[in-house]
Amino acid sequence: MEWVYFGTCIAILITMVLAVVRGLMGPTIFDRVLAVNMFGTKTVLFIAVMSFLSGRPDFLDLALAYALINFIGVFAVLLFFQSRGVRREAEAEREAGK
Amino acid sequence: MDLLLDIASAVLLLTGGLLVFVGGVGVMRMPEFFTRMHAASVTDTGGAALILAGLMLQGGLTLVPLKLAAIFLFLFLTSPTASYALANAALLSGVATACRNQTGKQLPEERQDALSASKPQTPPVAKAPAEKAAAKKAATAAAPKKPAKKAARKATRKTAKKPAKKAARKKS
């Protein structure tokens with residue numbers, strides 16, 4: 001059974017690396033937020049699989065905590081950036097009206 | 001019975017790992033933001049569900065499957081919410097407009113190359129307000145020219161539906 005856990009861990013790790021690369025080179029800020037969100041979800045899955053691989057199911061509590069932190073973090077960033085486009089549009093309109 | 005459980009769990013875990021990997025590759029290679037979100041949602045739904053289900057089968061009659069169920073429930077409440085908020089924020093702040101600018105500036109045959117190259121030339125969001133202002137000035141100066149251009153653009157564009165929707169909404 002260990003090799004199944006190991007294979008899943010490898011797949012999740014590769015995806016985490018790809019998410020980090022997308023976050024670093026993502027052209028817009030939303031690509032970066034998407035990559036961070038994906039990285040967080042994969043962290044939860046990775047900790048869950050790792051806890052079974054190492055035979056210590058207590059780590060599942062950590063996975064739950066990571067899920068909570070990830071959700072709150074993504075929402076905090078998004079609330080900050082959501083109104084930015086509207087603000088910029090209003091500024092452009094004000095400048096065009098001048 | 002134990003062997004059967006192991007096999008079912010292995011199948012679930014490996015399928016979940018495959019889905020997670022496919023979603024990661026999709027996030028790397030998709031050409032624009034909303035298609036990337038689509039790829040990421042594959043890992044958030046299919047990958048997470050299958051991996052957690054596979055682990056649940058291995059937990060036995062302890063507290064472990066319950067904890068996994070809690071993670072599952074929480075992930076499936078928060079992941080769609082976060083995806084919705086992300087898409088909403090992107091749409092409101094003009095990522096779709098940026099895509100239209102990025103693809104619409106070029107000729108149709110060149111645009112195919114730009115779409116398949118999966119590498120946007122410039123960070124489009126920073127450029128968007130200036131272009132919008134320029135477009136407004138152009139609209140007041142040469143009103144009949146712009147709709148024709150837009151219609152031609154719309155006819156050639158089939159893959160990017162969201163920018164088209166946004167353009168239609170903005171015109172009305």
# chains A, B, ... in the order shown; residues from 1 in each chain; ligands from 1
>>> interface_residues(of="chain A", to="chain B", cutoff="7 Å", atoms="only C-alpha atoms", output="PyMOL selection string")
chain A and resi 4+8+11-12+14-15+18-19+22+27-28+30-31+38+45+57+60+64+67+71+75+78+82-86+88-89+92+96
>>> write_last_selection(atoms="N, CA and C atoms", output="PDB file, in the first residue's frame")
ATOM      1  N   VAL A   4       1.367   3.187  -3.269  1.00  0.00           N
ATOM      2  CA  VAL A   4       0.223   3.983  -3.739  1.00  0.00           C
ATOM      3  C   VAL A   4       0.262   5.368  -3.106  1.00  0.00           C
ATOM      4  N   THR A   8       0.823   8.921  -5.093  1.00  0.00           N
ATOM      5  CA  THR A   8      -0.081  10.064  -4.951  1.00  0.00           C
ATOM      6  C   THR A   8       0.662  11.283  -4.450  1.00  0.00           C
ATOM      7  N   ALA A  11       2.530  12.842  -7.295  1.00  0.00           N
ATOM      8  CA  ALA A  11       1.640  13.592  -8.199  1.00  0.00           C
ATOM      9  C   ALA A  11       1.271  14.934  -7.585  1.00  0.00           C
ATOM     10  N   ILE A  12       0.940  14.919  -6.294  1.00  0.00           N
ATOM     11  CA  ILE A  12       0.540  16.175  -5.643  1.00  0.00           C
ATOM     12  C   ILE A  12       1.718  17.137  -5.601  1.00  0.00           C
ATOM     13  N   ILE A  14       4.256  17.321  -7.713  1.00  0.00           N
ATOM     14  CA  ILE A  14       4.488  17.895  -9.045  1.00  0.00           C
ATOM     15  C   ILE A  14       3.489  19.010  -9.311  1.00  0.00           C
ATOM     16  N   THR A  15       2.221  18.766  -8.929  1.00  0.00           N
ATOM     17  CA  THR A  15       1.210  19.798  -9.147  1.00  0.00           C
ATOM     18  C   THR A  15       1.507  21.049  -8.332  1.00  0.00           C
ATOM     19  N   LEU A  18       4.106  22.959 -10.150  1.00  0.00           N
ATOM     20  CA  LEU A  18       3.522  23.639 -11.318  1.00  0.00           C
ATOM     21  C   LEU A  18       2.719  24.860 -10.878  1.00  0.00           C
ATOM     22  N   ALA A  19       2.006  24.731  -9.748  1.00  0.00           N
ATOM     23  CA  ALA A  19       1.225  25.875  -9.257  1.00  0.00           C
ATOM     24  C   ALA A  19       2.147  27.022  -8.861  1.00  0.00           C
ATOM     25  N   ARG A  22       3.325  28.719 -11.989  1.00  0.00           N
ATOM     26  CA  ARG A  22       2.268  29.578 -12.539  1.00  0.00           C
ATOM     27  C   ARG A  22       2.116  30.844 -11.694  1.00  0.00           C
ATOM     28  N   PRO A  27       0.524  36.151 -15.587  1.00  0.00           N
ATOM     29  CA  PRO A  27       0.519  37.537 -16.062  1.00  0.00           C
ATOM     30  C   PRO A  27      -0.360  38.464 -15.229  1.00  0.00           C
ATOM     31  N   THR A  28      -1.501  37.997 -14.746  1.00  0.00           N
ATOM     32  CA  THR A  28      -2.351  38.868 -13.942  1.00  0.00           C
ATOM     33  C   THR A  28      -2.268  38.475 -12.482  1.00  0.00           C
ATOM     34  N   PHE A  30      -4.738  37.694 -10.730  1.00  0.00           N
ATOM     35  CA  PHE A  30      -5.693  36.631 -10.437  1.00  0.00           C
ATOM     36  C   PHE A  30      -5.094  35.265 -10.735  1.00  0.00           C
ATOM     37  N   ASP A  31      -4.180  35.213 -11.696  1.00  0.00           N
ATOM     38  CA  ASP A  31      -3.469  33.961 -11.905  1.00  0.00           C
ATOM     39  C   ASP A  31      -2.669  33.590 -10.664  1.00  0.00           C
ATOM     40  N   MET A  38      -4.754  27.010  -5.296  1.00  0.00           N
ATOM     41  CA  MET A  38      -4.505  25.628  -5.690  1.00  0.00           C
ATOM     42  C   MET A  38      -3.402  25.017  -4.834  1.00  0.00           C
ATOM     43  N   LEU A  45      -4.310  18.166   0.818  1.00  0.00           N
ATOM     44  CA  LEU A  45      -4.296  16.781   0.341  1.00  0.00           C
ATOM     45  C   LEU A  45      -2.960  16.108   0.646  1.00  0.00           C
ATOM     46  N   PRO A  57      -1.967   9.401  11.852  1.00  0.00           N
ATOM     47  CA  PRO A  57      -3.195  10.094  11.416  1.00  0.00           C
ATOM     48  C   PRO A  57      -3.485  11.388  12.181  1.00  0.00           C
ATOM     49  N   LEU A  60      -3.953  14.823  10.383  1.00  0.00           N
ATOM     50  CA  LEU A  60      -5.178  15.263   9.699  1.00  0.00           C
ATOM     51  C   LEU A  60      -5.712  16.558  10.301  1.00  0.00           C
ATOM     52  N   LEU A  64      -6.766  20.045   8.334  1.00  0.00           N
ATOM     53  CA  LEU A  64      -7.994  20.832   8.510  1.00  0.00           C
ATOM     54  C   LEU A  64      -7.657  22.295   8.781  1.00  0.00           C
ATOM     55  N   ALA A  67      -6.650  23.993   5.643  1.00  0.00           N
ATOM     56  CA  ALA A  67      -7.792  24.308   4.779  1.00  0.00           C
ATOM     57  C   ALA A  67      -8.439  25.613   5.215  1.00  0.00           C
ATOM     58  N   PHE A  71      -8.533  29.210   2.976  1.00  0.00           N
ATOM     59  CA  PHE A  71      -9.782  29.860   2.580  1.00  0.00           C
ATOM     60  C   PHE A  71      -9.785  31.332   3.003  1.00  0.00           C
ATOM     61  N   PHE A  75      -9.687  34.761   0.526  1.00  0.00           N
ATOM     62  CA  PHE A  75     -10.754  35.754   0.564  1.00  0.00           C
ATOM     63  C   PHE A  75     -10.234  37.134   0.933  1.00  0.00           C
ATOM     64  N   LEU A  78      -8.676  38.533  -2.192  1.00  0.00           N
ATOM     65  CA  LEU A  78      -9.660  38.847  -3.241  1.00  0.00           C
ATOM     66  C   LEU A  78     -10.479  40.072  -2.897  1.00  0.00           C
ATOM     67  N   GLN A  82     -10.720  42.984  -5.566  1.00  0.00           N
ATOM     68  CA  GLN A  82     -11.955  42.947  -6.352  1.00  0.00           C
ATOM     69  C   GLN A  82     -12.357  44.342  -6.813  1.00  0.00           C
ATOM     70  N   SER A  83     -12.207  45.321  -5.935  1.00  0.00           N
ATOM     71  CA  SER A  83     -12.694  46.657  -6.269  1.00  0.00           C
ATOM     72  C   SER A  83     -11.668  47.462  -7.040  1.00  0.00           C
ATOM     73  N   ARG A  84     -10.496  46.896  -7.277  1.00  0.00           N
ATOM     74  CA  ARG A  84      -9.453  47.682  -7.921  1.00  0.00           C
ATOM     75  C   ARG A  84      -9.833  48.069  -9.340  1.00  0.00           C
ATOM     76  N   GLY A  85     -10.409  47.101 -10.081  1.00  0.00           N
ATOM     77  CA  GLY A  85     -10.794  47.388 -11.453  1.00  0.00           C
ATOM     78  C   GLY A  85     -11.862  48.464 -11.525  1.00  0.00           C
ATOM     79  N   VAL A  86     -12.837  48.384 -10.610  1.00  0.00           N
ATOM     80  CA  VAL A  86     -13.904  49.390 -10.604  1.00  0.00           C
ATOM     81  C   VAL A  86     -13.324  50.766 -10.312  1.00  0.00           C
ATOM     82  N   ARG A  88     -10.292  51.798 -10.882  1.00  0.00           N
ATOM     83  CA  ARG A  88      -9.503  52.286 -12.021  1.00  0.00           C
ATOM     84  C   ARG A  88     -10.403  52.775 -13.142  1.00  0.00           C
ATOM     85  N   GLU A  89     -11.506  52.071 -13.340  1.00  0.00           N
ATOM     86  CA  GLU A  89     -12.436  52.491 -14.380  1.00  0.00           C
ATOM     87  C   GLU A  89     -12.988  53.873 -14.061  1.00  0.00           C
ATOM     88  N   ALA A  92     -10.409  56.452 -14.795  1.00  0.00           N
ATOM     89  CA  ALA A  92     -10.254  56.684 -16.246  1.00  0.00           C
ATOM     90  C   ALA A  92     -11.400  57.538 -16.771  1.00  0.00           C
ATOM     91  N   ALA A  96     -11.165  61.097 -18.519  1.00  0.00           N
ATOM     92  CA  ALA A  96     -11.718  61.300 -19.867  1.00  0.00           C
ATOM     93  C   ALA A  96     -12.702  62.450 -19.886  1.00  0.00           C
TER      94      ALA A  96
END
>>> atom_distance(atom1="atom CA of B:Met56", atom2="atom CA of A:Gly7")
17.3 Å
>>> atom_distance(atom1="atom CA of B:Pro31", atom2="atom CA of A:Gly73")
26.1 Å
